[in-house]
Structure formats: C-alpha cells, structure tokens
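> Supplied structure: query.cif, mmCIF, C-alpha atoms and all ligand atoms.
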data_coords
loop_
_atom_site.label_atom_id
_atom_site.label_comp_id
_atom_site.auth_asym_id
_atom_site.auth_seq_id
_atom_site.Cartn_x
_atom_site.Cartn_y
_atom_site.Cartn_z
CA MET Y 23 1.23 19.23 26.18
CA ALA Y 24 3.90 16.58 25.55
CA GLU Y 25 2.73 13.34 23.94
CA GLN Y 26 2.79 10.44 26.41
CA TYR Y 27 4.51 7.77 24.31
CA VAL Y 28 5.13 4.24 25.55
CA ARG Y 29 8.92 3.89 25.89
CA TYR Y 30 10.41 0.40 25.80
CA ASP Y 31 13.58 -0.62 27.70
CA ASP Y 32 15.78 -0.59 24.60
CA GLY Y 33 14.81 3.02 23.85
CA THR Y 34 12.21 2.22 21.19
CA VAL Y 35 9.40 4.78 21.29
CA GLY Y 36 5.96 3.24 20.83
CA GLN Y 37 2.46 4.64 20.48
CA VAL Y 38 0.89 7.31 22.63
CA ASP Y 39 -0.15 5.25 25.66
CA GLY Y 40 -3.78 4.24 25.15
CA MET Y 41 -4.15 3.74 28.90
CA ALA Y 42 -3.11 7.35 29.62
CA VAL Y 43 -4.59 9.25 26.67
CA PRO Y 44 -7.83 7.91 25.15
CA ARG Y 45 -7.43 6.75 21.55
CA TYR Y 46 -9.69 9.47 20.14
CA ALA Y 47 -7.65 12.26 21.81
CA GLY Y 48 -4.41 13.95 20.81
CA LEU Y 49 -2.71 14.70 17.52
CA THR Y 50 -3.25 12.37 14.56
CA THR Y 51 -0.24 10.35 13.42
CA PHE Y 52 -0.44 6.83 11.98
CA ALA Y 53 -1.36 4.51 14.89
CA ARG Y 54 -0.48 7.41 17.23
CA LEU Y 55 3.20 6.67 16.63
CA PRO Y 56 5.95 9.27 17.04
CA ARG Y 57 6.86 11.47 14.10
CA ALA Y 58 10.17 10.69 12.38
CA GLU Y 59 11.69 13.89 13.82
CA ASP Y 60 10.74 12.86 17.37
CA VAL Y 61 13.15 9.89 17.44
CA GLU Y 62 16.86 9.48 16.70
CA SER Y 63 16.44 6.83 14.02
CA TYR Y 64 13.78 4.51 12.70
CA ASP Y 65 13.36 1.17 10.94
CA VAL Y 66 9.95 1.50 9.32
CA ALA Y 67 8.27 4.73 8.22
CA VAL Y 68 4.65 5.26 7.25
CA VAL Y 69 4.40 8.22 4.87
CA GLY Y 70 1.47 9.96 3.23
CA VAL Y 71 1.51 10.77 -0.48
CA PRO Y 72 -1.52 13.03 -0.98
CA PHE Y 73 -1.54 13.16 -4.79
CA ASP Y 74 -4.57 12.39 -6.97
CA SER Y 75 -3.99 14.31 -10.21
CA GLY Y 76 -3.70 11.02 -12.11
CA VAL Y 77 -7.27 9.79 -11.61
CA THR Y 78 -9.60 8.88 -14.48
CA TYR Y 79 -12.98 8.84 -12.68
CA ARG Y 80 -13.83 9.94 -9.13
CA PRO Y 81 -11.19 12.26 -7.60
CA GLY Y 82 -10.43 12.60 -3.89
CA ALA Y 83 -7.61 10.17 -2.97
CA ARG Y 84 -5.48 13.19 -2.02
CA PHE Y 85 -7.39 13.03 1.27
CA GLY Y 86 -6.55 9.34 1.75
CA PRO Y 87 -3.54 9.71 4.07
CA ALA Y 88 -5.46 11.91 6.53
CA ALA Y 89 -8.44 9.52 6.60
CA ILE Y 90 -6.27 6.42 7.08
CA ARG Y 91 -4.38 8.09 9.93
CA GLN Y 92 -7.66 9.02 11.63
CA ALA Y 93 -8.93 5.43 11.26
CA SER Y 94 -5.62 4.04 12.59
CA ARG Y 95 -6.19 5.45 16.08
CA LEU Y 96 -7.70 2.17 17.22
CA LEU Y 97 -4.68 0.04 16.21
CA ARG Y 98 -3.22 -1.60 19.29
CA PRO Y 99 0.40 -2.63 19.99
CA TYR Y 100 0.10 -6.44 19.72
CA ASN Y 101 -0.73 -8.30 16.49
CA PRO Y 102 -2.05 -11.71 17.57
CA ALA Y 103 -2.36 -13.14 14.04
CA LEU Y 104 1.39 -12.75 13.46
CA ASP Y 105 2.40 -12.90 17.15
CA VAL Y 106 4.34 -9.66 16.72
CA SER Y 107 4.44 -6.39 18.69
CA PRO Y 108 5.42 -4.28 15.69
CA PHE Y 109 6.03 -1.00 17.50
CA ARG Y 110 8.29 -2.73 20.02
CA ALA Y 111 10.08 -5.04 17.55
CA ALA Y 112 11.31 -2.05 15.56
CA GLN Y 113 11.15 1.72 15.63
CA VAL Y 114 8.12 2.63 13.54
CA VAL Y 115 7.35 6.28 12.81
CA ASP Y 116 5.00 8.51 10.88
CA ALA Y 117 7.14 10.45 8.39
CA GLY Y 118 4.39 12.97 7.54
CA ASP Y 119 3.35 13.69 3.97
CA ILE Y 120 5.45 14.11 0.84
CA ALA Y 121 4.38 17.48 -0.57
CA CYS Y 122 3.89 17.23 -4.32
CA ASN Y 123 2.72 19.47 -7.15
CA PRO Y 124 -0.99 18.92 -7.91
CA PHE Y 125 -0.76 20.60 -11.35
CA ASP Y 126 2.36 19.00 -12.86
CA ILE Y 127 2.43 15.19 -12.75
CA VAL Y 128 6.04 14.81 -13.93
CA ALA Y 129 7.20 17.26 -11.26
CA ALA Y 130 5.15 15.40 -8.65
CA LEU Y 131 6.69 12.06 -9.67
CA ALA Y 132 10.17 13.53 -9.10
CA GLN Y 133 9.14 14.93 -5.72
CA ILE Y 134 7.71 11.57 -4.62
CA GLU Y 135 10.80 9.64 -5.78
CA ALA Y 136 13.08 12.08 -3.93
CA GLY Y 137 10.89 11.88 -0.82
CA ILE Y 138 10.96 8.08 -0.73
CA THR Y 139 14.69 7.98 -1.49
CA GLY Y 140 15.24 10.21 1.53
CA LEU Y 141 13.34 7.82 3.78
CA ILE Y 142 14.92 4.49 2.80
CA GLY Y 143 18.52 3.21 2.89
CA SER Y 144 20.36 1.42 5.69
CA GLY Y 145 17.71 -1.31 5.66
CA ARG Y 146 14.85 1.07 6.45
CA SER Y 147 11.53 0.45 4.79
CA VAL Y 148 8.49 2.54 3.97
CA VAL Y 149 4.75 1.95 3.74
CA SER Y 150 3.23 4.70 1.57
CA LEU Y 151 -0.38 5.83 1.95
CA GLY Y 152 -1.81 7.28 -1.26
CA GLY Y 153 -2.91 9.12 -3.10
CA ASP Y 154 -3.94 7.58 -6.40
CA HIS Y 155 -2.08 4.68 -8.00
CA THR Y 156 0.19 6.98 -10.04
CA ILE Y 157 2.36 7.24 -6.91
CA ALA Y 158 3.47 3.60 -7.15
CA LEU Y 159 5.74 4.41 -10.10
CA PRO Y 160 8.06 6.90 -8.33
CA VAL Y 161 8.05 4.70 -5.21
CA LEU Y 162 9.19 1.75 -7.36
CA ARG Y 163 11.86 3.93 -8.98
CA ALA Y 164 13.25 4.80 -5.54
CA LEU Y 165 13.15 1.20 -4.29
CA HIS Y 166 14.70 -0.12 -7.51
CA ALA Y 167 17.69 2.16 -6.93
CA GLU Y 168 18.12 0.57 -3.49
CA HIS Y 169 17.19 -3.08 -4.13
CA GLY Y 170 17.30 -3.67 -7.90
CA PRO Y 171 14.33 -5.15 -9.79
CA LEU Y 172 11.37 -6.04 -7.59
CA ALA Y 173 8.77 -8.80 -7.62
CA LEU Y 174 5.58 -6.74 -7.67
CA VAL Y 175 2.51 -8.19 -5.98
CA HIS Y 176 -0.26 -5.87 -7.09
CA PHE Y 177 -3.69 -6.19 -5.47
CA ASP Y 178 -6.23 -4.34 -7.60
CA ALA Y 179 -9.48 -4.75 -9.52
CA HIS Y 180 -7.59 -3.21 -12.47
CA LEU Y 181 -4.38 -4.10 -14.32
CA ASP Y 182 -3.03 -0.52 -14.37
CA THR Y 183 -0.93 -1.46 -17.41
CA TRP Y 184 -2.58 0.81 -19.96
CA ASP Y 185 -0.19 2.62 -22.29
CA THR Y 186 -1.76 6.09 -22.32
CA TYR Y 187 -5.11 7.67 -21.49
CA PHE Y 188 -6.10 10.87 -23.33
CA ASP Y 189 -2.47 10.71 -24.55
CA ALA Y 190 -1.16 11.02 -21.00
CA PRO Y 191 1.61 8.50 -20.12
CA TYR Y 192 1.47 9.02 -16.35
CA THR Y 193 -1.96 8.30 -14.83
CA HIS Y 194 -3.30 5.90 -12.21
CA GLY Y 195 -4.05 3.46 -15.04
CA THR Y 196 -0.47 3.25 -16.35
CA PRO Y 197 2.11 2.92 -13.53
CA PHE Y 198 2.90 -0.76 -14.02
CA ARG Y 199 3.41 -0.57 -17.79
CA ARG Y 200 5.91 2.24 -17.17
CA ALA Y 201 7.52 0.21 -14.34
CA SER Y 202 7.91 -2.80 -16.63
CA GLU Y 203 9.31 -0.66 -19.48
CA GLU Y 204 11.81 0.94 -17.09
CA GLY Y 205 13.00 -2.47 -15.85
CA LEU Y 206 11.86 -1.82 -12.28
CA ILE Y 207 10.10 -5.19 -11.87
CA VAL Y 208 11.25 -8.77 -12.28
CA LYS Y 209 9.39 -10.04 -15.32
CA GLY Y 210 8.01 -13.48 -14.57
CA SER Y 211 7.95 -12.83 -10.81
CA SER Y 212 5.19 -10.24 -10.68
CA ALA Y 213 1.45 -10.72 -10.33
CA HIS Y 214 -1.85 -8.89 -10.29
CA VAL Y 215 -4.29 -10.26 -7.71
CA GLY Y 216 -8.03 -9.54 -7.62
CA ILE Y 217 -8.52 -8.47 -11.23
CA ARG Y 218 -12.14 -8.17 -12.32
CA GLY Y 219 -14.59 -5.96 -14.15
CA SER Y 220 -15.05 -4.96 -17.75
CA LEU Y 221 -12.15 -4.08 -20.04
CA TYR Y 222 -11.83 -2.02 -23.22
CA ASP Y 223 -10.41 -4.91 -25.18
CA ARG Y 224 -9.32 -8.53 -24.85
CA GLY Y 225 -5.88 -7.36 -26.01
CA ASP Y 226 -5.36 -5.65 -22.62
CA LEU Y 227 -4.77 -9.12 -21.15
CA VAL Y 228 -2.25 -10.12 -23.83
CA ASP Y 229 -0.27 -6.89 -23.40
CA ASP Y 230 -0.14 -7.50 -19.70
CA GLU Y 231 1.45 -10.92 -20.00
CA GLU Y 232 4.12 -9.52 -22.31
CA LEU Y 233 4.92 -6.92 -19.66
CA GLY Y 234 5.86 -9.74 -17.24
CA PHE Y 235 2.75 -10.28 -15.15
CA THR Y 236 0.49 -13.17 -14.33
CA ILE Y 237 -3.11 -12.58 -13.26
CA VAL Y 238 -4.94 -14.15 -10.33
CA HIS Y 239 -8.51 -13.30 -11.30
CA CYS Y 240 -11.10 -12.49 -8.65
CA ARG Y 241 -13.56 -14.85 -10.31
CA ASP Y 242 -11.30 -17.78 -9.32
CA PHE Y 243 -11.18 -16.85 -5.64
CA ASP Y 244 -14.11 -18.94 -4.45
CA ARG Y 245 -12.41 -21.99 -5.94
CA LEU Y 246 -8.88 -21.08 -4.76
CA GLY Y 247 -9.63 -19.68 -1.28
CA ALA Y 248 -7.08 -17.55 0.57
CA ASP Y 249 -4.58 -20.45 0.70
CA GLY Y 250 -4.83 -21.03 -3.04
CA ILE Y 251 -4.34 -17.34 -3.82
CA LEU Y 252 -1.36 -17.24 -1.48
CA GLU Y 253 0.19 -20.31 -3.09
CA ARG Y 254 0.00 -18.66 -6.52
CA VAL Y 255 1.64 -15.50 -5.12
CA LEU Y 256 4.44 -17.29 -3.22
CA ASP Y 257 5.28 -19.49 -6.22
CA ARG Y 258 5.53 -16.40 -8.34
CA VAL Y 259 7.75 -14.16 -6.16
CA GLY Y 260 10.26 -16.75 -4.92
CA ASP Y 261 13.25 -15.11 -3.18
CA ALA Y 262 13.17 -11.81 -5.05
CA PRO Y 263 12.73 -8.53 -3.13
CA VAL Y 264 8.96 -8.06 -2.95
CA TYR Y 265 6.95 -4.87 -3.26
CA VAL Y 266 3.25 -5.01 -2.36
CA SER Y 267 0.95 -2.42 -3.93
CA ILE Y 268 -2.64 -2.44 -2.69
CA ASP Y 269 -5.30 -0.51 -4.58
CA ILE Y 270 -8.13 -0.46 -2.06
CA ASP Y 271 -10.57 -1.17 -4.92
CA VAL Y 272 -9.34 -4.78 -4.84
CA LEU Y 273 -11.82 -5.06 -1.97
CA ASP Y 274 -15.49 -5.35 -2.81
CA PRO Y 275 -17.33 -2.00 -2.63
CA ALA Y 276 -19.10 -3.49 0.42
CA PHE Y 277 -15.73 -3.42 2.22
CA ALA Y 278 -14.28 -0.34 0.51
CA PRO Y 279 -16.91 2.00 -0.93
CA ALA Y 280 -14.64 5.04 -0.80
CA THR Y 281 -12.55 4.70 -3.92
CA GLY Y 282 -12.29 6.20 -7.38
CA THR Y 283 -13.19 3.31 -9.70
CA PRO Y 284 -15.27 0.72 -7.80
CA GLU Y 285 -16.00 -2.72 -9.33
CA ALA Y 286 -18.49 -5.30 -8.04
CA GLY Y 287 -17.47 -8.79 -6.91
CA GLY Y 288 -14.24 -8.08 -5.04
CA MET Y 289 -12.19 -9.55 -2.19
CA THR Y 290 -13.30 -9.41 1.41
CA SER Y 291 -11.04 -7.60 3.83
CA ARG Y 292 -10.68 -10.91 5.71
CA GLU Y 293 -9.34 -12.62 2.57
CA LEU Y 294 -6.85 -9.86 1.83
CA LEU Y 295 -5.59 -9.70 5.43
CA ALA Y 296 -5.06 -13.48 5.33
CA VAL Y 297 -3.09 -13.32 2.07
CA LEU Y 298 -0.87 -10.51 3.42
CA ARG Y 299 -0.16 -12.42 6.63
CA GLY Y 300 0.80 -15.42 4.52
CA MET Y 301 3.47 -13.29 2.83
CA ARG Y 302 5.41 -12.72 6.08
CA HIS Y 303 8.33 -14.93 5.01
CA THR Y 304 8.79 -13.34 1.60
CA ASN Y 305 11.56 -10.76 1.16
CA LEU Y 306 9.15 -7.84 1.55
CA VAL Y 307 10.97 -4.50 1.15
CA GLY Y 308 8.13 -2.00 0.84
CA ALA Y 309 4.44 -1.45 0.25
CA ASP Y 310 1.73 1.06 -0.53
CA ILE Y 311 -2.02 1.37 -0.01
CA VAL Y 312 -3.65 3.69 -2.51
CA GLU Y 313 -6.95 4.98 -3.88
CA VAL Y 314 -8.76 5.63 -0.59
CA ALA Y 315 -11.02 8.60 -1.41
CA PRO Y 316 -12.73 9.39 1.90
CA ALA Y 317 -15.46 11.70 0.55
CA TYR Y 318 -17.28 8.53 -0.64
CA ASP Y 319 -16.85 6.70 2.67
CA HIS Y 320 -19.49 5.71 5.21
CA ALA Y 321 -18.65 5.18 8.88
CA GLU Y 322 -14.92 5.02 7.96
CA ILE Y 323 -15.45 1.56 6.41
CA THR Y 324 -12.75 2.03 3.76
CA ALA Y 325 -10.32 3.94 5.95
CA VAL Y 326 -10.54 1.30 8.71
CA ALA Y 327 -9.82 -1.44 6.15
CA ALA Y 328 -6.82 0.51 4.84
CA ALA Y 329 -5.48 1.17 8.35
CA ASN Y 330 -5.71 -2.53 9.22
CA LEU Y 331 -3.99 -3.56 5.97
CA ALA Y 332 -1.20 -1.07 6.72
CA TYR Y 333 -0.87 -2.57 10.22
CA GLU Y 334 -0.25 -6.06 8.78
CA LEU Y 335 2.37 -4.72 6.37
CA VAL Y 336 4.10 -2.71 9.11
CA SER Y 337 4.01 -5.79 11.36
CA ILE Y 338 5.77 -7.91 8.73
CA LEU Y 339 8.41 -5.23 8.02
CA ALA Y 340 9.02 -4.56 11.73
CA ASP Y 341 9.33 -8.28 12.48
CA LYS Y 342 11.93 -8.67 9.71
CA ARG Y 343 13.90 -5.74 11.06
CA SER Y 344 14.03 -7.29 14.53
CA ALA Y 345 14.97 -10.78 13.28
MN MN J 401 -8.10 -0.15 -9.26
MN MN J 402 -4.90 0.79 -9.29
#
Give the structure from this file in structure tokens form.


Amino acid sequence: MAEQYVRYDDGTVGQVDGMAVPRYAGLTTFARLPRAEDVESYDVAVVGVPFDSGVTYRPGARFGPAAIRQASRLLRPYNPALDVSPFRAAQVVDAGDIACNPFDIVAALAQIEAGITGLIGSGRSVVSLGGDHTIALPVLRALHAEHGPLALVHFDAHLDTWDTYFDAPYTHGTPFRRASEEGLIVKGSSAHVGIRGSLYDRGDLVDDEELGFTIVHCRDFDRLGADGILERVLDRVGDAPVYVSIDIDVLDPAFAPATGTPEAGGMTSRELLAVLRGMRHTNLVGADIVEVAPAYDHAEITAVAAANLAYELVSILADKRSA
C-alpha cells in the first residue's frame, strides 16, 4: 500500500500523515519521512552509517541507525522551541544506510566518504546516524572537500584524539587526531564539550590542545549552565562552517545507557538540546550522532534521546535552507 505522505503546496513531501496512519504503523524511515528516491530532490538527508568495527569496549553501534529510526516515529512536524516546521521548510529525506565493510576499516572509511560525497553538494546537508565514532573521520573528509576546514563542535565524554590503540590508527578513539593531522578542522575554532572520566595520562590533555581544540569540561557545567556552555562554543566557532559531532555518551548514562563506553556524571538531554538550539545561527553545515548501541538500551531511552537530538539538528539545517 502506498505511503500517505503529507504534501505541501510547494511540492515538498512531508512525513507519513500521523492523522491517517498511526505513528507505530508502516515502514520505518527517519521521522516517517520519504526516502531520497521517492522525491525529485532534497535539501537535508538523514543517513545511517551502520559501522562499529572501530570500538574499543562494548560493540553494537552498528544497530544504532535502525534503533534511532524506530524511536523517531513520534517526531511531529512542528518544532516549537525553534518555531520551525522542518519538513515543510525544506525537503528532508531518509537516504537509507551507507553499506560498509565490517572487516576492513580502511575500505569502510572510503565507502563512507564516497557515500557522503554522493549525498552533499548544491547546498545539501546530511545528518549521519552512526555507527561508532570512527565514521566521523570520513564524513569530515567529504565535508572538507565541499566546504574547506570546519569548526568542529564535538560533544563527547571522551577526547577521541588518541594516536593509536593496539597499533591501529583508525578506531573510535582516534578520528579527531587524524582529522586535525589531515587539516580537516580549523585549529583554534574547534572544541570538545562534555569531557569527563578517567584518562590514561595527563599528557592526553596537552596533546589535544596542540591538535587545535579547547575543552569545555563536564565538571564545569553546573557553574556554567547551558548559556555558559553555549557562550564558550559560539565564541570558539565564530563564522567558520560548523560540523557538530555528538557521541551519545556525552549524556549521562541515566539519559543514554545504551552506548559503548559509558562514563558517570554527564550532560542531561535537556542541557544538550538547549545548547544545540542555541547554535541555530552558526554556519552549521553537517552533523552526526554516533555510539548508540541499542542492545544495552531500556525502554528506548537512548534511542529516543538520539532521535530528538537529530530532530533539532535537522530543524536548524532545514531552517537555513529555507532562509
Ligand atoms: Mn565517547
Ligand atoms: Mn566518541
């Protein structure tokens, strides 16, 4: 049976109509949006990147895209916090999953870069659903080719700027050292937000600064509040093209239990949603949400958080496209 999409006057195809087909029924795309091949063109694509061969602890983020899509069924067409109807303001689609090799990381990185490259261009933007954090590197490579060096705003409990792990250069703990070495980010305009937990060595922090990052530590959040965090981020990125990478473990395990390397004392989902909304006037060009490993979830807590974070990012990108 044909999907009953909402169709707006200008030809934009919205979600499957929640008043005609209940939200729990029908095929599962992100927010019940049309697939890329169902429309003539699109402005914003949500794409799955089910790759988790770069993990160092709990595996399972390869099932993240499917879980986030399932949890996104409840997303509705109007975003009151931003006063935007994202699926009307721009054509938003689900571009499916990028198929990548689970046994050869270098081959997978090339497949992901090619997949993202094929989705962007002509002002189109992509929100990628991981997958483990390894996927951010090929996404940044593809976006760098389009936009030049990016101001990276990286929400994570972890720095992800290790050099190697068990001699491996490409893991979910190394993407941002590689990105800095490859010149993909604007040194001095990039930041890690939400960092906490134990480290191997104090030197990890020194290395990180040399790679071009500043750190907004989670332990400072009670003092800073969402506005203070946001101020630090906005000062840092300026007018540069911005890429937002969200490791779901930036949230406290209370708000995101289903992830590979959980750390106590994290952000609330309310705080993170507020910081993202505050970034609406930055030059955001793309984003990812990674490290959702649904086998460790309870009542879709983590997947619902990820779906709502993706909705804010899509809302900002769609609003920019319509402006
Ligand atoms: Mn992490
Ligand atoms: Mn990470």

> Given a cut-off of 7 Å, what residues near ligand MN 402 (chain J) show up using only C-alpha atoms and all ligand atoms, put as a PyMOL selection string?

chain Y and resi 155+178+180+182+194-195+269

> CA of Val128 in chain Y and CA of Arg200 in chain Y are how many Å apart?

13.0 Å

> Determine the nearest neighbour of Leu306 in chain Y from the options Y:Asp189, Y:Glu334, Y:Asp105, Y:Asp319, counting all atoms listed in the file.

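Result for the nearest residue to Leu306 in chain Y: Y:Glu334.
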
> I want to know what sits within 10 Å of Val215 in chain Y, based on all atoms listed in the file, with residues of the same chain fewer than 5 positions away left out; could you give that as a list in words?

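Here the answer would be Val175, His176, Phe177, Asp178, Ala179, His180, Leu181, Thr236, Ile237, Val238, His239, Cys240, Phe243, Ile251, Leu252, Arg254, Val255, Ile268, Val272, Met289 and Leu294 of chain Y.
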
> Calculated over all atoms listed in the file, which of the candidates Y:Tyr187, Y:Tyr192, Y:Tyr333, Y:Phe52 has the smallest distance to Ile90 in chain Y?

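Closest to Ile90 in chain Y of all the choices is Y:Phe52.
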
> Which one of Y:Arg224, Y:Lys342, Y:Arg80, Y:Arg292 sits closest to ligand MN 401 (chain J) if you count only C-alpha atoms and all ligand atoms?

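Among Y:Arg224, Y:Lys342, Y:Arg80, Y:Arg292, it is Y:Arg80 that comes nearest to ligand MN 401 (chain J).
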